[in-house]
$ cat entry.cif   # mmCIF, C-alpha atoms
data_final
#
loop_
_atom_site.label_atom_id
_atom_site.label_comp_id
_atom_site.auth_asym_id
_atom_site.auth_seq_id
_atom_site.Cartn_x
_atom_site.Cartn_y
_atom_site.Cartn_z
CA MET K 89 0.00 0.00 0.00
CA VAL K 90 2.81 2.42 0.86
CA ALA K 91 4.56 1.77 -2.46
CA ARG K 92 1.37 2.52 -4.33
CA ASP K 93 0.86 5.80 -2.45
CA GLU K 94 4.43 6.91 -3.30
CA SER K 95 3.78 6.09 -6.94
CA LEU K 96 0.62 8.20 -6.90
CA ASP K 97 2.57 11.05 -5.29
CA ARG K 98 5.11 10.94 -8.12
CA ILE K 99 2.30 11.08 -10.71
CA HIS K 100 0.74 14.08 -8.92
CA GLU K 101 4.16 15.81 -8.88
CA SER K 102 4.49 15.14 -12.62
CA ALA K 103 1.04 16.68 -13.14
CA TYR K 104 2.21 19.82 -11.31
CA ASN K 105 5.22 20.10 -13.60
CA VAL K 106 2.99 19.83 -16.67
CA ARG K 107 0.74 22.60 -15.33
CA HIS K 108 3.69 24.88 -14.60
CA HIS K 109 5.26 24.53 -18.04
CA SER K 110 1.91 24.66 -19.82
CA LYS K 111 1.37 28.16 -18.40
CA GLU K 112 4.73 29.20 -19.82
CA SER K 113 4.00 27.77 -23.27
CA ASN K 114 0.53 29.32 -23.40
CA ARG K 115 2.08 32.80 -23.22
CA VAL K 116 3.23 32.37 -26.84
CA VAL K 117 -0.18 32.44 -28.50
CA HIS K 118 -0.74 34.33 -31.75
CA LYS K 119 -3.93 36.00 -32.91
CA TRP K 120 -5.42 34.50 -36.03
CA PHE K 121 -7.35 35.87 -38.94
CA THR K 122 -11.07 35.49 -38.13
CA GLN K 123 -14.34 35.90 -39.94
CA GLU K 124 -14.99 39.02 -37.87
CA VAL K 125 -12.01 40.77 -39.52
CA ILE K 126 -13.24 39.70 -42.95
CA SER K 127 -16.68 41.10 -42.13
CA MET K 128 -15.16 44.45 -41.17
CA LEU K 129 -13.31 44.78 -44.47
CA ARG K 130 -15.95 43.25 -46.76
CA PRO K 131 -17.79 46.56 -47.46
CA VAL K 132 -14.53 48.19 -48.57
CA LEU K 133 -12.59 45.54 -50.47
CA PRO K 134 -13.46 42.53 -52.62
CA LEU K 135 -12.88 39.18 -50.92
CA ARG K 136 -9.90 38.27 -53.11
CA SER K 137 -8.11 41.43 -52.00
CA ILE K 138 -8.93 40.69 -48.38
CA LEU K 139 -7.39 37.23 -48.66
CA LEU K 140 -4.25 38.59 -50.33
CA LEU K 141 -3.87 41.14 -47.56
CA SER K 142 -4.27 38.45 -44.92
CA PHE K 143 -1.49 36.36 -46.48
CA ALA K 144 0.82 39.40 -46.66
CA CYS K 145 0.12 40.28 -43.04
CA ALA K 146 0.69 36.70 -41.94
CA PHE K 147 4.08 36.42 -43.58
CA ALA K 148 5.23 39.90 -42.58
CA THR K 149 4.33 39.79 -38.89
CA GLY K 150 3.74 36.15 -38.07
CA GLU K 151 0.20 37.09 -37.10
CA GLY K 152 -2.88 35.95 -38.95
CA LEU K 153 -1.72 32.34 -38.66
CA VAL K 154 -2.66 29.83 -36.03
CA HIS K 155 0.51 28.68 -34.29
CA ALA K 156 0.92 25.56 -32.21
CA SER K 157 3.62 23.26 -30.98
CA PRO K 158 4.51 20.69 -33.66
CA ALA K 159 2.85 17.29 -33.28
CA GLY K 160 4.82 15.30 -30.76
CA HIS K 161 6.45 18.38 -29.17
CA ALA K 162 6.31 18.28 -25.39
CA PRO K 163 7.63 21.49 -23.83
CA HIS K 164 6.99 20.05 -20.38
CA GLY K 165 9.58 17.26 -20.59
CA THR K 166 10.58 13.85 -21.85
CA VAL K 167 10.36 10.23 -20.75
CA THR K 168 13.14 7.65 -21.13
CA ILE K 169 12.56 3.90 -21.20
CA ASP K 170 15.34 1.41 -21.96
CA GLY K 171 17.49 4.20 -23.31
CA VAL K 172 14.79 5.52 -25.65
CA THR K 173 13.78 9.14 -24.94
CA VAL K 174 10.45 10.48 -26.18
CA PRO K 175 8.31 13.58 -25.56
CA ASP K 176 6.08 13.37 -22.51
CA ILE K 177 2.30 13.39 -22.84
CA GLY K 178 0.20 16.38 -21.87
CA PRO K 179 -2.71 18.63 -22.87
CA LEU K 180 -3.18 19.71 -26.46
CA PRO K 181 -1.85 23.14 -27.49
CA THR K 182 -4.45 25.88 -27.17
CA THR K 183 -4.24 26.60 -30.89
CA VAL K 184 -4.43 24.39 -33.96
CA PRO K 185 -1.74 24.35 -36.68
CA ILE K 186 -3.17 25.79 -39.90
CA PRO K 187 -1.16 26.21 -43.12
CA SER K 188 -0.72 29.75 -44.38
CA SER K 189 -2.01 28.59 -47.76
CA ASN K 190 -5.39 27.61 -46.33
CA LEU K 191 -6.47 29.97 -43.55
CA ASN K 192 -9.60 29.01 -41.64
CA TYR K 193 -12.64 31.25 -41.40
CA THR K 194 -16.31 30.58 -40.81
CA ALA K 195 -17.60 30.62 -44.40
CA LYS K 196 -14.91 28.19 -45.57
CA ILE K 197 -15.48 25.86 -42.60
CA GLU K 198 -19.23 25.82 -43.23
CA LEU K 199 -18.65 25.02 -46.90
CA GLY K 200 -16.28 22.22 -45.93
CA LYS K 201 -18.81 20.80 -43.50
CA GLN K 202 -21.43 20.62 -46.24
CA LEU K 203 -19.00 18.89 -48.58
CA TYR K 204 -17.97 16.46 -45.82
CA PHE K 205 -21.57 15.27 -45.46
CA ASP K 206 -22.51 15.39 -49.14
CA GLY K 207 -22.84 12.01 -50.84
CA ARG K 208 -22.70 13.72 -54.22
CA LEU K 209 -18.91 13.58 -53.97
CA SER K 210 -19.28 9.88 -54.85
CA LYS K 211 -20.26 8.14 -58.07
CA ASN K 212 -23.61 6.92 -56.72
CA ASN K 213 -24.32 10.17 -54.83
CA ALA K 214 -24.61 8.22 -51.57
CA ILE K 215 -21.14 7.80 -50.02
CA SER K 216 -19.94 10.89 -48.16
CA CYS K 217 -16.84 11.44 -46.04
CA ALA K 218 -19.08 11.01 -42.99
CA PHE K 219 -20.17 7.57 -44.21
CA CYS K 220 -16.79 6.19 -43.09
CA HIS K 221 -15.85 8.93 -40.61
CA ASN K 222 -19.09 9.13 -38.66
CA PRO K 223 -19.49 11.70 -35.85
CA GLY K 224 -21.61 9.13 -34.01
CA THR K 225 -18.69 6.70 -33.80
CA GLY K 226 -15.84 9.06 -32.93
CA PHE K 227 -15.51 10.35 -36.51
CA ALA K 228 -14.36 6.85 -37.42
CA ASP K 229 -16.05 3.69 -38.75
CA SER K 230 -17.55 1.07 -36.44
CA ARG K 231 -17.17 -1.54 -39.20
CA GLN K 232 -13.97 -3.58 -39.36
CA THR K 233 -13.21 -2.12 -42.78
CA SER K 234 -15.23 0.41 -44.70
CA ILE K 235 -17.80 -0.13 -47.44
CA GLY K 236 -17.77 1.96 -50.58
CA VAL K 237 -19.78 2.47 -53.77
CA GLY K 238 -21.47 -0.73 -54.98
CA GLY K 239 -20.69 -2.54 -51.73
CA GLY K 240 -16.95 -2.49 -52.33
CA ILE K 241 -15.06 -3.50 -49.20
CA GLY K 242 -11.94 -1.59 -48.27
CA GLY K 243 -8.86 -3.30 -46.91
CA ARG K 244 -8.25 -0.96 -43.99
CA GLN K 245 -10.13 0.41 -41.01
CA SER K 246 -11.09 4.07 -41.36
CA PRO K 247 -9.09 6.09 -38.79
CA THR K 248 -10.66 8.88 -36.79
CA VAL K 249 -10.71 12.48 -38.01
CA PHE K 250 -10.19 13.64 -34.42
CA ASN K 251 -7.09 15.84 -34.17
CA THR K 252 -5.85 15.06 -37.68
CA ALA K 253 -4.93 18.75 -37.78
CA PHE K 254 -1.91 17.81 -35.64
CA ASN K 255 -0.69 15.07 -38.02
CA HIS K 256 2.00 15.92 -40.54
CA VAL K 257 1.01 12.93 -42.70
CA GLN K 258 -2.35 11.25 -43.25
CA PHE K 259 -3.68 7.71 -43.84
CA TRP K 260 -2.33 4.56 -42.19
CA ASP K 261 0.63 4.54 -44.58
CA GLY K 262 1.25 8.30 -44.53
CA ARG K 263 0.85 8.68 -48.28
CA ALA K 264 -0.88 12.07 -47.99
CA ARG K 265 1.27 14.95 -46.78
CA SER K 266 -1.62 17.21 -45.80
CA LEU K 267 -5.30 17.19 -44.92
CA GLU K 268 -5.96 18.87 -48.25
CA GLU K 269 -4.35 15.96 -50.10
CA GLN K 270 -6.14 13.44 -47.92
CA ALA K 271 -9.55 15.05 -48.41
CA ILE K 272 -9.74 14.34 -52.13
CA GLY K 273 -8.02 10.95 -52.13
CA PRO K 274 -11.14 8.83 -51.43
CA ILE K 275 -13.13 10.60 -54.17
CA HIS K 276 -11.33 8.76 -56.98
CA ASN K 277 -10.58 5.58 -55.05
CA PRO K 278 -12.47 2.80 -56.90
CA VAL K 279 -13.46 0.98 -53.69
CA GLU K 280 -14.49 4.13 -51.83
CA MET K 281 -16.32 6.94 -53.65
CA ALA K 282 -15.41 5.66 -57.14
CA GLU K 283 -15.85 9.09 -58.74
CA THR K 284 -13.41 11.07 -60.87
CA HIS K 285 -12.05 14.41 -59.81
CA GLU K 286 -13.10 15.95 -63.12
CA HIS K 287 -16.68 14.75 -62.88
CA VAL K 288 -17.19 15.69 -59.25
CA VAL K 289 -16.15 19.27 -60.07
CA THR K 290 -18.62 19.34 -62.96
CA LYS K 291 -21.36 17.81 -60.83
CA LEU K 292 -20.99 20.22 -57.91
CA GLY K 293 -20.52 23.13 -60.31
CA LYS K 294 -24.12 22.68 -61.45
CA ILE K 295 -25.46 23.17 -57.91
CA LYS K 296 -26.43 26.79 -57.36
CA GLY K 297 -25.69 26.77 -53.64
CA TYR K 298 -22.13 25.56 -54.23
CA GLN K 299 -21.64 28.04 -57.08
CA GLN K 300 -22.51 30.90 -54.75
CA GLN K 301 -20.38 29.68 -51.84
CA PHE K 302 -17.28 29.00 -53.93
CA ARG K 303 -17.45 32.49 -55.40
CA ALA K 304 -17.88 34.01 -51.94
CA VAL K 305 -15.14 31.94 -50.27
CA PHE K 306 -12.57 31.52 -53.04
CA GLY K 307 -13.64 34.03 -55.69
CA THR K 308 -13.79 31.20 -58.26
CA ASP K 309 -16.11 28.61 -59.71
CA VAL K 310 -16.21 25.15 -58.11
CA ASN K 311 -12.78 23.52 -58.42
CA LEU K 312 -10.90 20.57 -56.93
CA GLN K 313 -8.46 22.66 -54.92
CA GLY K 314 -11.32 24.54 -53.31
CA ILE K 315 -13.06 21.26 -52.45
CA ALA K 316 -9.86 20.01 -50.81
CA GLU K 317 -9.24 23.22 -48.87
CA ALA K 318 -12.81 23.54 -47.61
CA ILE K 319 -13.03 19.94 -46.37
CA ALA K 320 -9.61 20.25 -44.71
CA ALA K 321 -10.69 23.49 -43.04
CA TYR K 322 -13.69 21.74 -41.53
CA GLU K 323 -11.66 18.70 -40.46
CA ARG K 324 -9.26 20.99 -38.56
CA THR K 325 -12.17 21.93 -36.30
CA VAL K 326 -12.85 18.30 -35.32
CA LEU K 327 -10.97 18.08 -32.03
CA SER K 328 -10.84 15.73 -29.07
CA THR K 329 -9.69 17.69 -26.05
CA ASN K 330 -10.52 18.61 -22.45
CA SER K 331 -10.59 14.97 -21.34
CA VAL K 332 -10.41 14.05 -17.66
CA PHE K 333 -6.71 13.40 -18.30
CA ASP K 334 -6.30 17.00 -19.48
CA LYS K 335 -8.16 18.27 -16.42
CA TYR K 336 -5.98 16.13 -14.19
CA VAL K 337 -2.64 17.35 -15.51
CA LEU K 338 -3.92 20.93 -15.49
CA GLY K 339 -4.63 20.82 -11.77
CA ASP K 340 -7.80 18.89 -10.95
CA GLN K 341 -6.36 15.93 -9.03
CA LYS K 342 -9.85 14.48 -8.59
CA ALA K 343 -10.59 14.37 -12.32
CA MET K 344 -9.12 10.87 -12.81
CA ASP K 345 -9.93 8.00 -10.47
CA GLU K 346 -7.12 5.99 -8.87
CA ALA K 347 -7.35 3.22 -11.47
CA ALA K 348 -6.73 5.72 -14.27
CA VAL K 349 -3.87 7.35 -12.33
CA ARG K 350 -2.25 3.94 -11.89
CA GLY K 351 -2.85 3.35 -15.59
CA LEU K 352 -1.05 6.61 -16.38
CA ALA K 353 2.00 5.38 -14.46
CA LEU K 354 1.90 2.10 -16.41
CA PHE K 355 1.46 3.94 -19.71
CA LYS K 356 4.66 5.92 -19.06
CA GLY K 357 6.54 2.99 -17.55
CA LYS K 358 6.07 -0.77 -17.47
CA ALA K 359 3.54 -0.88 -20.34
CA ARG K 360 5.86 1.20 -22.58
CA CYS K 361 2.90 2.73 -24.47
CA ILE K 362 4.50 6.18 -24.45
CA LEU K 363 7.35 5.01 -26.68
CA CYS K 364 4.97 5.35 -29.65
CA HIS K 365 1.97 7.20 -28.21
CA ASN K 366 3.69 10.36 -27.02
CA GLY K 367 3.32 14.12 -27.21
CA ALA K 368 0.16 16.12 -26.74
CA ASN K 369 -1.78 14.12 -29.34
CA PHE K 370 -0.56 10.71 -28.09
CA THR K 371 1.18 9.80 -31.35
CA ASP K 372 4.73 10.04 -32.64
CA ASN K 373 3.35 10.16 -36.21
CA GLN K 374 5.87 7.47 -37.09
CA PHE K 375 5.43 3.98 -38.53
CA HIS K 376 5.84 0.72 -36.62
CA ASN K 377 5.28 -2.98 -37.28
CA LEU K 378 3.45 -4.49 -34.30
CA GLY K 379 2.88 -7.87 -35.89
CA VAL K 380 -0.86 -7.23 -36.12
CA PRO K 381 -2.61 -10.27 -37.64
CA GLN K 382 -3.81 -9.53 -41.17
CA VAL K 383 -7.59 -9.94 -41.34
CA GLY K 384 -10.24 -8.71 -43.75
CA PRO K 385 -10.20 -8.79 -47.55
CA MET K 386 -6.45 -8.19 -47.99
CA LYS K 387 -4.17 -11.21 -47.74
CA GLU K 388 -1.15 -8.99 -47.23
CA ASP K 389 -0.72 -5.31 -46.46
CA LEU K 390 2.81 -3.92 -46.58
CA GLY K 391 1.76 -0.58 -45.11
CA ARG K 392 4.32 2.21 -45.22
CA PHE K 393 6.54 0.16 -47.55
CA ASN K 394 4.14 0.86 -50.41
CA VAL K 395 5.01 4.55 -50.02
CA SER K 396 8.65 4.56 -48.94
CA ARG K 397 9.90 1.34 -50.58
CA ALA K 398 12.19 0.97 -47.57
CA GLU K 399 12.56 -2.60 -46.28
CA LYS K 400 12.30 -1.40 -42.70
CA ASP K 401 8.78 -0.16 -43.41
CA LYS K 402 7.29 -3.49 -44.48
CA GLY K 403 4.17 -4.05 -42.43
CA ALA K 404 4.61 -0.76 -40.58
CA PHE K 405 1.64 1.56 -40.00
CA LYS K 406 1.25 5.05 -38.57
CA THR K 407 0.75 5.37 -34.84
CA PRO K 408 -2.85 6.54 -34.30
CA THR K 409 -3.84 9.11 -31.73
CA LEU K 410 -5.27 7.68 -28.52
CA ARG K 411 -7.45 10.67 -27.79
CA SER K 412 -11.08 9.51 -27.56
CA VAL K 413 -9.83 6.02 -28.43
CA ALA K 414 -12.68 4.45 -26.45
CA GLU K 415 -15.09 5.83 -29.08
CA THR K 416 -13.28 4.62 -32.19
CA SER K 417 -13.34 0.81 -32.13
CA PRO K 418 -12.40 -1.47 -33.82
CA TYR K 419 -8.65 -1.01 -33.64
CA MET K 420 -5.49 -1.36 -35.75
CA HIS K 421 -5.11 -0.78 -39.49
CA ASP K 422 -7.34 -3.74 -40.35
CA GLY K 423 -9.79 -3.53 -37.45
CA ALA K 424 -8.39 -6.76 -36.01
CA PHE K 425 -9.38 -6.01 -32.40
CA LYS K 426 -12.86 -5.11 -31.24
CA SER K 427 -12.04 -3.76 -27.79
CA LEU K 428 -9.35 -1.95 -25.83
CA GLU K 429 -9.03 -5.05 -23.67
CA GLU K 430 -8.08 -7.09 -26.76
CA VAL K 431 -5.50 -4.49 -27.75
CA VAL K 432 -3.93 -4.51 -24.29
CA GLU K 433 -3.76 -8.33 -24.33
CA PHE K 434 -2.04 -8.25 -27.73
CA VAL K 435 0.50 -5.63 -26.68
CA ASP K 436 1.13 -7.44 -23.39
CA GLN K 437 2.28 -10.46 -25.40
CA GLY K 438 4.83 -8.30 -27.18
CA GLY K 439 2.79 -8.02 -30.36
CA GLY K 440 2.53 -10.67 -33.03
CA THR K 441 5.04 -12.82 -34.85
CA ASN K 442 6.69 -10.91 -37.69
CA SER K 443 10.18 -10.89 -39.13
CA ASN K 444 10.07 -7.09 -39.26
CA LEU K 445 8.63 -6.56 -35.77
CA SER K 446 9.45 -3.22 -34.18
CA PRO K 447 12.25 -3.49 -31.58
CA LEU K 448 10.04 -1.43 -29.26
CA MET K 449 7.68 -4.39 -28.92
CA LYS K 450 8.48 -6.62 -25.92
CA PRO K 451 6.41 -8.88 -23.62
CA LEU K 452 5.15 -6.77 -20.73
CA ASN K 453 3.98 -9.37 -18.18
CA LEU K 454 1.17 -7.16 -16.96
CA THR K 455 -1.06 -8.48 -14.19
CA PRO K 456 -4.85 -8.59 -14.68
CA ASP K 457 -5.21 -5.55 -12.40
CA GLU K 458 -2.56 -3.64 -14.35
CA LYS K 459 -4.34 -4.40 -17.62
CA SER K 460 -7.57 -3.09 -16.13
CA ASP K 461 -5.85 0.08 -14.89
CA LEU K 462 -4.32 0.68 -18.32
CA VAL K 463 -7.74 0.44 -19.98
CA ALA K 464 -9.12 2.83 -17.35
CA PHE K 465 -6.47 5.36 -18.33
CA LEU K 466 -7.20 4.95 -22.05
CA LYS K 467 -10.87 5.67 -21.34
CA ALA K 468 -9.79 8.80 -19.44
CA LEU K 469 -8.53 10.19 -22.76
CA THR K 470 -12.09 10.62 -24.05
CA GLY K 471 -12.60 14.28 -24.95
CA GLU K 472 -15.58 16.41 -24.08
CA PRO K 473 -18.63 15.86 -26.34
CA VAL K 474 -18.33 17.60 -29.69
CA LYS K 475 -21.22 19.95 -30.40
CA PHE K 476 -22.59 18.85 -33.71
CA SER K 477 -25.50 19.50 -36.07
CA MET K 478 -26.10 18.21 -39.59
CA PRO K 479 -25.60 20.87 -42.26
CA GLN K 480 -28.28 21.74 -44.77
CA LEU K 481 -26.91 20.70 -48.16
CA PRO K 482 -27.24 23.14 -51.06
CA LYS K 483 -29.47 22.45 -54.04
#

$ encode --input "entry.cif" --output "structure tokens"
Amino acid sequence: MVARDESLDRIHESAYNVRHHSKESNRVVHKWFTQEVISMLRPVLPLRSILLLSFACAFATGEGLVHASPAGHAPHGTVTIDGVTVPDIGPLPTTVPIPSSNLNYTAKIELGKQLYFDGRLSKNNAISCAFCHNPGTGFADSRQTSIGVGGGIGGRQSPTVFNTAFNHVQFWDGRARSLEEQAIGPIHNPVEMAETHEHVVTKLGKIKGYQQQFRAVFGTDVNLQGIAEAIAAYERTVLSTNSVFDKYVLGDQKAMDEAAVRGLALFKGKARCILCHNGANFTDNQFHNLGVPQVGPMKEDLGRFNVSRAEKDKGAFKTPTLRSVAETSPYMHDGAFKSLEEVVEFVDQGGGTNSNLSPLMKPLNLTPDEKSDLVAFLKALTGEPVKFSMPQLPK
């Protein structure tokens, strides 16, 4: 009992350190270009001029852009296990990283939200982004792998959209280098939306509501780049934050129960989870082979290797965020595990058998109580409910 109390004291001390350094980092917060500023200038200047001025201001002063710590950056410290040092975990930055080439403002976000929920992006006018990244299931897919146009079955589980703004690459294999690139990828994928980029632009260009919004937001007719930028702008607003874990490390020592606090100690120690799931978004945004059993329609999935062609990347997949992970089952790139308990059992065994297994994977020898505590901590990463309403699609 005494040993456990000392361990809890060390966790509480760590939480204090996170709070102290978070206050320091939050002092460096930049103002960003908002819809209110656009509204003030709209009567005087055309929108295209306003946007050009915003870019010039952003580059000249550093203002007008949303700044945040890079994904994986942990200003409050590091953790070392077996000689491997990684960023510590902590609360998300108070601002979201947004590229200077695609500034966020209300009209663009609203347009992107409509496009995200519009099945007309697909060949059969029925499969939208939200069909596989459903707000009701953690902006992910509750099916093992996703279903596309004509009942086509995808080979991978659809990852959550939560906090993708903090990822520097997208998809399980990291083939997209931005949210803009990711947003239009499924449109011409034959087992997803099965449309062509050319035809979707023509199709949406005939819809009066989209014609009007594209001219107002971009000063152009409907085009593929605008579709990509608008959807990405909306996706950058889909955030999982203010979990009980966040409240705990920011000062509320009663936010997490003792099981979750013990799970936090395991996460950063014996269970070794932090070696891959680190930083504010609980991901190193790197690629690892865990020996996950290949299930579903694909007999073999080489993962990152298909992008990098590096032997070390065979069977390696991007580390997913663990924020709101309790809402986004099933798990792994192929949806092999239905519950967090199954995932913990798999990791406890040191992963699966694979000739290219990550050296970070080792048997953990967790006790049943430790496994339960670890799951309790993972559930403590669930963010506050996202306020959501279905958009009215233009006609």

$ closest_residue --input "entry.cif" --among "K:Leu209, K:Ile315, K:Val310, K:Ala404" --to "K:Ser443" --atoms "only C-alpha atoms"
K:Ala404

$ closest_residue --input "entry.cif" --among "K:Gln301, K:Ser189, K:Thr325, K:Asn255" --to "K:Gly367" --atoms "only C-alpha atoms"
K:Asn255

$ resolve_selection --input "entry.cif" --expression "the PyMOL selection byres ((chain K and resi 278) around 10)" --output "list of chain:residue names"
K:Lys211, K:Gly236, K:Val237, K:Gly238, K:Gly240, K:Gly242, K:Pro274, K:Ile275, K:His276, K:Asn277, K:Val279, K:Glu280, K:Met281, K:Ala282, K:Glu283, K:Thr284

$ closest_residue --input "entry.cif" --among "K:Val332, K:Met449, K:Val172, K:Val249" --to "K:Asp345" --atoms "all atoms listed in the file"
K:Val332

$ closest_residue --input "entry.cif" --among "K:Ala195, K:Ala321, K:Val413, K:Val432" --to "K:Pro247" --atoms "only C-alpha atoms"
K:Val413

$ closest_residue --input "entry.cif" --among "K:Lys356, K:Lys450, K:Arg263, K:Lys335" --to "K:Pro179" --atoms "all atoms listed in the file"
K:Lys335

$ atom_distance --input "entry.cif" --atom1 "atom CA of K:Arg360" --atom2 "atom CA of K:Asp401"
21.1 Å

$ residues_near_point --input "entry.cif" --point "(-4.5, 15.1, -40.7)" --cutoff "9 Å" --atoms "all atoms listed in the file" --output "JSON, numbers by chain"
{"K": [249, 250, 251, 252, 253, 254, 255, 256, 257, 258, 259, 264, 265, 266, 267, 268, 270, 320, 323, 324]}

$ resolve_selection --input "entry.cif" --expression "the PyMOL selection byres ((chain K and resi 359) around 10)" --output "compact mmCIF listing (two decimals) with C-alpha atoms, keeping the file's coordinate frame"
# COMPACT_ATOMS: atom_id res chain seq x y z
CA GLY K 351 -2.85 3.35 -15.59
CA LEU K 352 -1.05 6.61 -16.38
CA ALA K 353 2.00 5.38 -14.46
CA LEU K 354 1.90 2.10 -16.41
CA PHE K 355 1.46 3.94 -19.71
CA LYS K 356 4.66 5.92 -19.06
CA GLY K 357 6.54 2.99 -17.55
CA LYS K 358 6.07 -0.77 -17.47
CA ARG K 360 5.86 1.20 -22.58
CA CYS K 361 2.90 2.73 -24.47
CA ILE K 362 4.50 6.18 -24.45
CA LEU K 363 7.35 5.01 -26.68
CA VAL K 432 -3.93 -4.51 -24.29
CA VAL K 435 0.50 -5.63 -26.68
CA ASP K 436 1.13 -7.44 -23.39
CA LYS K 450 8.48 -6.62 -25.92
CA PRO K 451 6.41 -8.88 -23.62
CA LEU K 452 5.15 -6.77 -20.73
CA ASN K 453 3.98 -9.37 -18.18
CA LEU K 454 1.17 -7.16 -16.96
CA GLU K 458 -2.56 -3.64 -14.35
CA LYS K 459 -4.34 -4.40 -17.62
CA LEU K 462 -4.32 0.68 -18.32

$ atom_distance --input "entry.cif" --atom1 "atom CA of K:Asp229" --atom2 "atom CA of K:Ile215"
13.0 Å

$ atom_distance --input "entry.cif" --atom1 "atom CA of K:Met386" --atom2 "atom CA of K:Thr407"
20.2 Å

$ closest_residue --input "entry.cif" --among "K:Glu399, K:Pro456, K:Thr416, K:Leu410" --to "K:Asn444" --atoms "all atoms listed in the file"
K:Glu399

$ residues_around --input "entry.cif" --residues "K:Thr371" --least-positions-apart "6" --cutoff "6 Å" --atoms "only C-alpha atoms" --output "PyMOL selection string"
chain K and resi 365+407-409

$ resolve_selection --input "entry.cif" --expression "the PyMOL selection byres ((chain K and resi 377-381) around 7)" --output "number ranges by chain"
K: 376, 382-383, 403-405, 424, 439-442, 444-446, 449

$ residues_around --input "entry.cif" --residues "K:Leu203" --least-positions-apart "6" --cutoff "10 Å" --atoms "all atoms listed in the file" --output "NGL selection string"
:K and (197 or 209 or 216-218 or 292 or 298 or 315-316 or 318-319 or 322 or 479 or 481-482)

$ write_last_selection --input "entry.cif" --atoms "C-alpha atoms" --output "mmCIF file, in the frame of the given file"
data_model
loop_
_atom_site.group_PDB
_atom_site.id
_atom_site.type_symbol
_atom_site.label_atom_id
_atom_site.label_comp_id
_atom_site.auth_asym_id
_atom_site.auth_seq_id
_atom_site.Cartn_x
_atom_site.Cartn_y
_atom_site.Cartn_z
ATOM 1 C CA ILE K 197 -15.480 25.860 -42.600
ATOM 2 C CA LEU K 209 -18.910 13.580 -53.970
ATOM 3 C CA SER K 216 -19.940 10.890 -48.160
ATOM 4 C CA CYS K 217 -16.840 11.440 -46.040
ATOM 5 C CA ALA K 218 -19.080 11.010 -42.990
ATOM 6 C CA LEU K 292 -20.990 20.220 -57.910
ATOM 7 C CA TYR K 298 -22.130 25.560 -54.230
ATOM 8 C CA ILE K 315 -13.060 21.260 -52.450
ATOM 9 C CA ALA K 316 -9.860 20.010 -50.810
ATOM 10 C CA ALA K 318 -12.810 23.540 -47.610
ATOM 11 C CA ILE K 319 -13.030 19.940 -46.370
ATOM 12 C CA TYR K 322 -13.690 21.740 -41.530
ATOM 13 C CA PRO K 479 -25.600 20.870 -42.260
ATOM 14 C CA LEU K 481 -26.910 20.700 -48.160
ATOM 15 C CA PRO K 482 -27.240 23.140 -51.060
#

$ residues_around --input "entry.cif" --residues "K:Gly314" --least-positions-apart "3" --cutoff "10 Å" --atoms "all atoms listed in the file" --output "ChimeraX atom specification"
/K:190,196,199-200,268,289,302,305-306,308-311,317-320
